[in-house]
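Peer 1: See structure.txt below, with compact mmCIF, C-alpha atoms.
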# COMPACT_ATOMS: atom_id res chain seq x y z
CA MET A 28 66.72 174.29 34.58
CA THR A 29 66.21 172.01 31.56
CA ASN A 30 69.06 169.96 33.00
CA TYR A 31 67.11 169.37 36.19
CA LEU A 32 64.00 168.48 34.21
CA LYS A 33 65.99 165.92 32.26
CA THR A 34 67.30 164.33 35.47
CA LEU A 35 63.79 164.36 36.88
CA GLY A 36 62.69 162.50 33.76
CA TYR A 37 65.45 159.93 34.21
CA GLY A 38 64.42 159.34 37.82
CA PHE A 39 60.81 158.97 36.74
CA ALA A 40 61.70 156.50 33.99
CA ILE A 41 63.98 154.38 36.18
CA ALA A 42 61.44 154.10 39.00
CA LEU A 43 58.57 153.35 36.61
CA PHE A 44 60.60 150.62 34.94
CA ALA A 45 61.51 149.10 38.31
CA LEU A 46 57.88 149.12 39.43
CA LEU A 47 56.66 147.55 36.20
CA ALA A 48 59.34 144.88 36.33
CA TYR A 49 58.43 144.10 39.95
CA THR A 50 54.72 143.89 39.12
CA ALA A 51 55.36 141.64 36.14
CA TYR A 52 57.55 139.43 38.29
CA THR A 53 55.05 139.02 41.13
CA ARG A 54 52.14 138.56 38.76
CA PHE A 55 53.55 136.11 36.24
CA ALA A 56 56.49 134.45 37.95
CA GLY A 57 54.07 133.32 40.64
CA THR A 58 52.25 130.33 39.25
CA ALA A 59 54.74 129.52 36.51
CA SER A 60 57.61 128.74 38.85
CA ASN A 61 55.66 127.10 41.65
CA ALA A 62 57.16 123.76 40.57
CA GLY A 63 59.64 122.55 43.13
CA VAL A 64 57.69 124.06 46.03
CA VAL A 65 55.40 121.03 46.21
CA GLY A 66 56.29 117.39 45.45
CA GLY A 67 59.56 115.78 44.45
CA PRO A 68 61.29 112.41 44.17
CA PHE A 69 59.97 109.44 46.17
CA THR A 70 60.61 105.72 46.52
CA LEU A 71 57.56 103.83 47.78
CA ILE A 72 55.81 100.44 47.47
CA ASP A 73 52.69 100.08 45.33
CA GLN A 74 49.58 97.97 45.99
CA ASN A 75 51.19 95.01 44.22
CA GLY A 76 54.22 95.09 46.50
CA ARG A 77 56.56 96.54 43.87
CA THR A 78 59.02 99.32 44.65
CA VAL A 79 58.18 102.38 42.54
CA THR A 80 59.65 105.86 42.23
CA ASP A 81 58.36 109.15 40.84
CA LYS A 82 60.16 108.29 37.58
CA ASP A 83 57.76 105.37 37.00
CA PHE A 84 54.98 107.95 36.58
CA LYS A 85 56.78 110.22 34.11
CA GLY A 86 54.56 110.95 31.13
CA ARG A 87 51.37 110.68 33.22
CA TRP A 88 49.18 113.41 34.69
CA LEU A 89 48.81 112.58 38.38
CA ILE A 90 46.11 113.31 40.93
CA VAL A 91 47.83 112.73 44.27
CA TYR A 92 45.97 112.39 47.55
CA PHE A 93 47.23 111.48 51.04
CA GLY A 94 45.00 109.60 53.47
CA TYR A 95 44.52 106.25 55.22
CA THR A 96 42.23 103.29 54.64
CA HIS A 97 40.70 103.42 58.15
CA CYS A 98 39.59 107.01 57.48
CA PRO A 99 35.81 107.18 57.86
CA ASP A 100 35.38 110.64 56.49
CA ALA A 101 37.43 112.78 54.12
CA CYS A 102 39.47 110.10 52.37
CA PRO A 103 36.68 107.98 50.88
CA THR A 104 34.86 111.18 49.89
CA ALA A 105 37.93 112.53 48.13
CA LEU A 106 38.68 109.21 46.41
CA ASN A 107 35.03 108.86 45.32
CA ASN A 108 35.24 112.37 43.87
CA ILE A 109 38.42 111.48 41.98
CA GLY A 110 36.76 108.33 40.62
CA ALA A 111 33.71 110.33 39.48
CA THR A 112 36.03 112.92 37.94
CA LEU A 113 37.80 110.26 35.86
CA ASP A 114 34.42 109.15 34.51
CA GLN A 115 33.91 112.68 33.13
CA LEU A 116 37.32 113.05 31.46
CA GLY A 117 36.43 111.23 28.24
CA ALA A 118 39.43 110.47 26.04
CA LYS A 119 41.78 112.28 28.44
CA ARG A 120 41.08 109.71 31.16
CA SER A 121 43.80 107.44 29.74
CA ARG A 122 46.45 110.10 30.50
CA VAL A 123 45.63 110.43 34.20
CA THR A 124 46.79 108.24 37.09
CA PRO A 125 45.21 108.79 40.52
CA ILE A 126 47.63 108.03 43.35
CA PHE A 127 46.64 107.42 46.97
CA ILE A 128 49.58 107.70 49.38
CA THR A 129 48.96 106.37 52.88
CA ILE A 130 49.85 108.38 55.97
CA ASP A 131 49.35 105.23 58.08
CA PRO A 132 51.94 102.75 56.75
CA ALA A 133 51.73 100.65 59.94
CA ARG A 134 48.21 99.48 59.06
CA ASP A 135 48.12 100.16 55.32
CA THR A 136 50.18 97.36 53.82
CA ALA A 137 50.34 96.79 50.07
CA ALA A 138 47.68 94.08 50.37
CA THR A 139 45.36 96.38 52.37
CA LEU A 140 45.78 99.13 49.82
CA LYS A 141 45.13 96.79 46.89
CA SER A 142 41.53 95.99 47.76
CA TYR A 143 40.90 99.54 49.04
CA VAL A 144 41.99 101.50 45.96
CA ALA A 145 40.38 99.00 43.56
CA SER A 146 36.98 99.99 44.95
CA PHE A 147 37.40 103.54 43.59
CA GLY A 148 38.47 102.70 40.04
CA PRO A 149 40.70 100.35 38.05
CA GLU A 150 43.53 102.83 37.46
CA PHE A 151 44.02 103.84 41.11
CA VAL A 152 47.52 103.33 42.52
CA GLY A 153 48.02 102.89 46.28
CA LEU A 154 51.42 103.65 47.77
CA THR A 155 52.88 102.73 51.14
CA GLY A 156 56.45 102.44 52.41
CA SER A 157 58.75 102.69 55.39
CA ASP A 158 57.99 105.30 58.03
CA ALA A 159 60.93 107.35 56.78
CA ALA A 160 59.83 107.19 53.13
CA ILE A 161 56.25 108.17 54.01
CA THR A 162 57.44 111.02 56.25
CA ALA A 163 59.63 112.30 53.41
CA ALA A 164 56.67 112.22 51.00
CA GLU A 165 54.47 114.03 53.55
CA GLN A 166 57.07 116.76 53.93
CA ALA A 167 57.49 117.16 50.16
CA TYR A 168 53.73 117.63 49.77
CA HIS A 169 53.32 119.72 52.96
CA VAL A 170 51.02 117.12 54.51
CA TYR A 171 50.27 117.23 58.23
CA ALA A 172 49.60 113.79 59.76
CA ALA A 173 49.38 112.82 63.44
CA LYS A 174 47.90 109.91 65.37
CA HIS A 175 44.84 110.63 67.46
CA PRO A 176 44.22 107.92 70.11
CA THR A 177 40.69 106.59 70.40
CA THR A 178 38.98 105.27 73.54
CA ASP A 179 39.07 101.67 72.26
CA GLY A 180 42.87 101.74 72.36
CA GLY A 181 43.23 102.26 68.63
CA TYR A 182 43.85 105.48 66.75
CA ASP A 183 42.61 107.74 63.99
CA MET A 184 44.74 110.17 62.04
CA ASP A 185 44.40 113.98 61.94
CA HIS A 186 45.62 114.92 58.49
CA SER A 187 45.71 117.43 55.68
CA SER A 188 43.26 116.64 52.92
CA VAL A 189 43.90 118.36 49.59
CA LEU A 190 44.32 117.05 46.04
CA TYR A 191 47.49 117.69 44.04
CA VAL A 192 47.77 117.77 40.25
CA MET A 193 51.24 116.93 38.88
CA ASP A 194 52.16 117.27 35.21
CA PRO A 195 53.86 114.54 33.07
CA ASP A 196 57.28 115.84 34.16
CA GLY A 197 56.34 115.37 37.80
CA ARG A 198 55.98 119.10 38.41
CA PHE A 199 53.31 120.49 40.71
CA VAL A 200 50.54 122.25 38.78
CA THR A 201 47.77 123.05 41.26
CA ASN A 202 45.78 121.94 44.31
CA PHE A 203 42.10 121.36 44.85
CA ALA A 204 40.12 121.22 48.08
CA ASP A 205 39.05 117.64 48.83
CA GLU A 206 35.35 118.51 48.56
CA THR A 207 35.65 120.05 45.07
CA ASP A 208 32.81 118.55 43.06
CA PRO A 209 33.73 116.14 40.24
CA ALA A 210 32.25 118.34 37.49
CA THR A 211 34.47 121.27 38.47
CA LEU A 212 37.51 119.01 38.84
CA ALA A 213 36.94 117.39 35.45
CA GLU A 214 36.51 120.75 33.76
CA ARG A 215 39.77 122.10 35.21
CA LEU A 216 41.68 118.92 34.38
CA LYS A 217 40.42 118.93 30.80
CA SER A 218 41.65 122.49 30.38
CA LEU A 219 45.03 121.64 31.93
CA ILE A 220 45.67 118.50 29.88
CA PRO A 221 46.47 119.49 26.27
CA MET B 1297 83.34 164.94 38.77
CA LYS B 1298 81.02 166.52 41.32
CA ILE B 1299 77.30 165.80 41.03
CA PRO B 1300 75.28 168.85 42.11
CA LEU B 1301 72.81 168.34 44.92
CA GLY B 1302 70.05 169.73 42.71
CA GLN B 1303 70.49 166.88 40.23
CA ILE B 1304 70.17 164.25 42.96
CA VAL B 1305 67.04 165.94 44.27
CA ALA B 1306 65.61 166.02 40.74
CA LEU B 1307 66.33 162.31 40.24
CA GLY B 1308 64.64 161.51 43.56
CA LEU B 1309 61.65 163.70 42.75
CA GLY B 1310 61.23 161.96 39.40
CA ALA B 1311 61.31 158.54 41.06
CA ALA B 1312 58.85 159.64 43.75
CA LEU B 1313 56.51 160.98 41.07
CA ALA B 1314 56.59 157.65 39.24
CA VAL B 1315 55.82 155.75 42.46
CA ALA B 1316 52.98 158.14 43.35
CA ILE B 1317 51.39 157.78 39.92
CA ALA B 1318 51.90 154.04 39.44
CA MET B 1319 51.22 152.68 42.95
CA PRO B 1320 47.41 152.96 42.94
CA PHE B 1321 47.38 150.81 39.81
CA ILE B 1322 49.76 148.07 40.86
CA ARG B 1323 49.38 147.69 44.60
CA HIS B 1324 46.70 145.06 44.22
CA ALA B 1325 48.08 141.53 44.18
CA PRO B 1326 45.96 139.06 42.21
CA ALA B 1327 43.65 136.88 44.29
CA GLY B 1328 45.34 133.90 45.86
CA LEU B 1329 48.84 135.28 45.55
CA ARG B 1330 51.05 136.68 48.23
CA LEU B 1331 49.89 139.56 50.39
CA ASP B 1332 50.83 143.16 49.73
CA PRO B 1333 51.93 145.00 52.91
CA VAL B 1334 50.36 148.26 51.69
CA GLN B 1335 47.03 146.51 51.16
CA VAL B 1336 47.29 144.75 54.52
CA GLU B 1337 47.89 148.04 56.34
CA SER B 1338 44.94 149.67 54.59
CA GLY B 1339 42.79 146.67 55.51
CA ARG B 1340 43.90 146.85 59.15
CA GLN B 1341 42.61 150.41 59.35
CA VAL B 1342 39.30 149.60 57.64
CA TYR B 1343 38.89 146.57 59.92
CA GLY B 1344 39.42 148.70 63.02
CA GLN B 1345 36.82 151.20 61.88
CA TYR B 1346 34.08 148.96 60.46
CA CYS B 1347 34.55 145.34 61.60
CA ALA B 1348 36.21 145.28 65.02
CA SER B 1349 33.13 146.39 66.96
CA CYS B 1350 31.46 143.03 66.24
CA HIS B 1351 34.28 140.69 65.13
CA GLY B 1352 36.67 141.89 67.86
CA SER B 1353 39.79 144.04 67.77
CA HIS B 1354 41.85 140.83 67.80
CA LEU B 1355 39.53 139.07 65.31
CA GLU B 1356 38.32 136.89 68.17
CA GLY B 1357 34.59 137.21 67.36
CA GLN B 1358 31.75 137.23 69.87
CA ALA B 1359 31.21 134.60 72.57
CA ASN B 1360 29.26 131.43 71.68
CA TRP B 1361 29.33 132.38 68.01
CA GLU B 1362 28.47 128.85 66.93
CA ARG B 1363 24.95 129.01 68.41
CA PRO B 1364 22.15 131.50 67.86
CA GLY B 1365 21.42 133.91 70.73
CA ALA B 1366 18.04 134.28 72.44
CA ASP B 1367 16.86 136.49 69.56
CA GLY B 1368 17.64 133.77 66.99
CA TYR B 1369 20.55 135.67 65.47
CA PHE B 1370 24.06 134.22 65.39
CA PRO B 1371 26.80 136.25 67.12
CA ALA B 1372 29.64 137.54 64.93
CA PRO B 1373 32.11 134.72 64.19
CA PRO B 1374 35.88 135.10 64.74
CA HIS B 1375 38.22 135.69 61.79
CA ASP B 1376 41.32 134.27 63.51
CA ALA B 1377 42.46 130.65 63.35
CA SER B 1378 39.66 129.58 65.74
CA GLY B 1379 36.98 130.41 63.16
CA HIS B 1380 36.42 129.12 59.65
CA THR B 1381 36.92 132.24 57.57
CA TRP B 1382 39.99 130.47 56.12
CA GLN B 1383 37.73 127.82 54.61
CA HIS B 1384 36.22 130.36 52.19
CA SER B 1385 37.65 131.66 48.93
CA ASP B 1386 38.44 135.33 48.36
CA ALA B 1387 35.39 135.60 46.10
CA GLN B 1388 33.08 134.19 48.78
CA LEU B 1389 34.54 136.44 51.48
CA HIS B 1390 34.11 139.46 49.24
CA GLU B 1391 30.50 138.59 48.40
CA LEU B 1392 29.42 137.92 51.98
CA THR B 1393 30.98 141.20 53.09
CA ALA B 1394 29.55 143.25 50.23
CA HIS B 1395 26.07 141.70 50.18
CA SER B 1396 25.19 138.87 52.54
CA VAL B 1397 26.28 135.56 54.00
CA TYR B 1398 23.06 133.82 53.00
CA ALA B 1399 24.46 132.32 49.80
CA TYR B 1400 26.94 130.29 51.88
CA ALA B 1401 25.34 129.83 55.29
CA ALA B 1402 23.29 126.83 56.37
CA PRO B 1403 19.50 127.18 56.06
CA GLY B 1404 18.09 128.98 59.07
CA TYR B 1405 21.26 130.97 59.74
CA ARG B 1406 20.33 134.50 60.78
CA SER B 1407 22.93 137.24 60.78
CA ARG B 1408 23.01 140.86 61.86
CA MET B 1409 25.90 141.65 59.54
CA PRO B 1410 25.09 144.62 57.31
CA ALA B 1411 25.82 144.61 53.57
CA PHE B 1412 28.93 146.77 53.17
CA ALA B 1413 28.52 147.51 49.45
CA GLY B 1414 27.95 151.27 49.31
CA THR B 1415 29.76 151.82 52.60
CA LEU B 1416 33.09 150.26 51.58
CA SER B 1417 34.58 150.18 48.08
CA ASP B 1418 35.45 146.84 46.46
CA ARG B 1419 39.08 147.66 47.08
CA GLN B 1420 38.52 148.38 50.78
CA ILE B 1421 36.73 145.03 51.14
CA ASP B 1422 39.65 143.28 49.43
CA ASP B 1423 42.04 145.15 51.73
CA VAL B 1424 40.17 143.92 54.82
CA ILE B 1425 40.30 140.34 53.51
CA ALA B 1426 44.05 140.72 52.90
CA TYR B 1427 44.51 142.02 56.46
CA ILE B 1428 42.56 139.11 57.95
CA LYS B 1429 44.60 136.62 55.90
CA SER B 1430 47.84 138.23 57.05
CA THR B 1431 47.06 137.28 60.66
CA TRP B 1432 46.74 133.55 59.91
CA PRO B 1433 49.52 130.97 60.33
CA ALA B 1434 51.13 129.65 57.14
CA SER B 1435 49.05 126.45 57.17
CA LEU B 1436 45.74 128.32 56.98
CA GLN B 1437 47.04 130.79 54.41
CA ALA B 1438 48.15 127.83 52.26
CA TYR B 1439 44.77 126.13 52.53
CA GLN B 1440 42.81 129.28 51.72
CA ARG B 1441 44.97 129.91 48.64
CA VAL B 1442 43.93 126.49 47.32
CA LEU B 1443 40.32 127.69 47.36
CA ASN B 1444 41.12 130.59 45.01
CA PRO B 1445 40.97 129.41 41.41
CA ALA B 1446 42.99 132.39 40.15
CA GLY B 1447 46.29 130.72 40.94
CA ILE B 1448 48.31 129.36 43.79
CA ASP B 1449 51.66 130.67 44.99
CA PHE B 1450 53.31 129.10 48.03
CA LYS B 1451 56.83 130.44 47.56
CA ASP B 1452 56.59 133.12 50.25
CA LEU B 1453 55.53 130.69 52.99
CA PRO B 1454 58.18 129.75 55.58
CA PRO B 1455 60.04 126.43 55.12
CA GLY B 1456 58.33 123.44 56.69
CA TRP B 1457 54.77 124.77 56.31
CA LYS B 1458 51.99 122.18 56.15
CA PHE B 1459 48.40 122.13 55.03
CA PRO B 1460 46.12 122.16 58.10
CA PRO B 1461 44.58 118.86 59.31
CA THR B 1462 41.15 119.45 57.82
CA CYS B 1463 40.32 115.75 58.26
CA ARG B 1464 39.96 115.25 62.00
CA PHE B 1465 37.63 112.42 62.81
CA HIS B 1466 37.40 112.24 66.58
CA GLY B 1467 35.17 109.21 66.93
CA SER B 1468 35.40 106.80 69.83
Would you mind giving the structure from this file in structure tokens?
Peer 2:
Amino acid sequence: MTNYLKTLGYGFAIALFALLAYTAYTRFAGTASNAGVVGGPFTLIDQNGRTVTDKDFKGRWLIVYFGYTHCPDACPTALNNIGATLDQLGAKRSRVTPIFITIDPARDTAATLKSYVASFGPEFVGLTGSDAAITAAEQAYHVYAAKHPTTDGGYDMDHSSVLYVMDPDGRFVTNFADETDPATLAERLKSLIP
Amino acid sequence: MKIPLGQIVALGLGAALAVAIAMPFIRHAPAGLRLDPVQVESGRQVYGQYCASCHGSHLEGQANWERPGADGYFPAPPHDASGHTWQHSDAQLHELTAHSVYAYAAPGYRSRMPAFAGTLSDRQIDDVIAYIKSTWPASLQAYQRVLNPAGIDFKDLPPGWKFPPTCRFHGS
């Protein structure tokens, strides 16, 4: 009988250990190893016409946002919010680079991006590129983008609109909704940046 | 060496005991992280009993839910992809279920939704929210996770998922 009790104890211990290990894994592995799920290497053209890659931004905290300069709605709001956030970062502002990646490379040339991003702040970077390079970046960041024809023969874009924070090693840290207010954004960024 | 059947039964009983004791404590996934099938199933049952009569057995909501009816009250909105439940954080969804929607609704919005605090436990409300989330496509699940400050985990989503096109300007 004591033999059976001992075996029962073993079964209890093994199952409890497995459950605890599983819980610890799902709870703590979650956010820590999210890197690699979002983002990755890219080769694009900046607002000055230079070819840049993700490696050029190593060492910088990045706020990445995808949109297009003809966007009348979400994009300028998001970029304004990022600009206002930078103003509230104090000394940590110098460690952050905001990056605007166009989803409309046909219209958003380097020259178009240059005047557009400058209106939101001096440190803004605008990136464009070939259709293939932009599509690759969209896929890496899980961005939906599709042309929506307008009655005047032109088009708007339907697109995802979230902010991405990448750490100095280029790893994804977290997202924010595009309408997150600058005070909240600044507070979270200050706590993330050591 | 022959292992007696009794020993195997004892081992299994011990394991089952551990699961029975530990499960109530660990079945809750933290907000914003992947969904727990046990929680989702519990939520499905609570939804059927308390929510479906107004919000629909397929989460489709009531007709013309975006406009108030003749009595000035808004019909129950859908919780599927056609609604905007996915644009609210877990904390907001919990609060508007437990108490009221008035903290988040536009001024003048009138709702017949009862406060479920006292009827449903906090856990049952969380279970219902988990069930509703489990019915959404990956894009909406991804977006709603972003709204939860507790942490974001995308690893369980199927390859090729995209954030939904929340910027849709359909001007002329």
Peer 1: With all atoms listed in the file considered, list every residue of chain B at most 6 Å from chain A, as an MDAnalysis selection string.
Peer 2: chainID B and resid 1303 1306:1307 1310:1311 1314 1442 1449 1458:1464 1468
Peer 1: Please, what distance in Å, to one decimal, runs between CA of Tyr92 in chain A and CA of Ala1401 in chain B?
Peer 2: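 Distance reported for this atom pair: 28.1 Å.
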Peer 1: Between CA of Gln74 in chain A and CA of Ser121 in chain A, measure the distance and give it in Å to one decimal.
Peer 2: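 Separating CA of Gln74 in chain A from CA of Ser121 in chain A is a distance of 19.7 Å.
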Peer 1: What gap, in Å, lies between CA of Ile161 in chain A and CA of Thr70 in chain A?
Peer 2: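 Going from CA of Ile161 in chain A over to CA of Thr70 in chain A covers 9.0 Å.
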Peer 1: Pick from A:Asp208, A:Ala48, A:Ala164, A:Val123: nearest to Thr104 in chain A, with only C-alpha atoms counted?
Peer 2: A:Asp208
Peer 1: Using all atoms listed in the file, which residue out of B:Asp1452, B:Asp1386, B:Asp1376, B:Glu1391 lies closest to Ala1426 in chain B?
Peer 2: B:Asp1386
Peer 1: Show me, as a short mmCIF file (atom, residue, chain, number, x, y, z; two decimals) with C-alpha atoms, keeping the file's coordinate frame, the residues that have an atom within 8 Å of Asp135 in chain A when counting all atoms listed in the file, minus same-chain residues fewer than 3 positions from it.
Peer 2:
data_model
loop_
_atom_site.label_atom_id
_atom_site.label_comp_id
_atom_site.auth_asym_id
_atom_site.auth_seq_id
_atom_site.Cartn_x
_atom_site.Cartn_y
_atom_site.Cartn_z
CA TYR A 95 44.52 106.25 55.22
CA THR A 96 42.23 103.29 54.64
CA THR A 129 48.96 106.37 52.88
CA ASP A 131 49.35 105.23 58.08
CA PRO A 132 51.94 102.75 56.75
CA ALA A 138 47.68 94.08 50.37
CA THR A 139 45.36 96.38 52.37
CA LEU A 140 45.78 99.13 49.82
CA THR A 155 52.88 102.73 51.14
#
Peer 1: For a cutoff of 12 Å around the file-coordinate point (46.2, 108.8, 23.6), which residues qualify once you count all atoms listed in the file? I'd like the result as an NGL selection string.
Peer 2: :A and (86-87 or 117-123 or 220-221)
Peer 1: At a cut-off of 6 Å around the point (27.3, 142.8, 56.6) (file coordinates), what residues fall inside when counting all atoms listed in the file? I'd like the answer as JSON, numbers by chain.
Peer 2: {"B": [1393, 1409, 1410, 1411, 1412]}
Peer 1: Please determine, counting all atoms listed in the file, which residue among A:Gly153, A:Gly148, A:Pro103, A:Pro125 has the shortest atom-to-atom distance to Tyr191 in chain A.
Peer 2: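 Checking each of A:Gly153, A:Gly148, A:Pro103, A:Pro125 against Tyr191 in chain A, counting all atoms listed in the file, the winner is A:Pro125.
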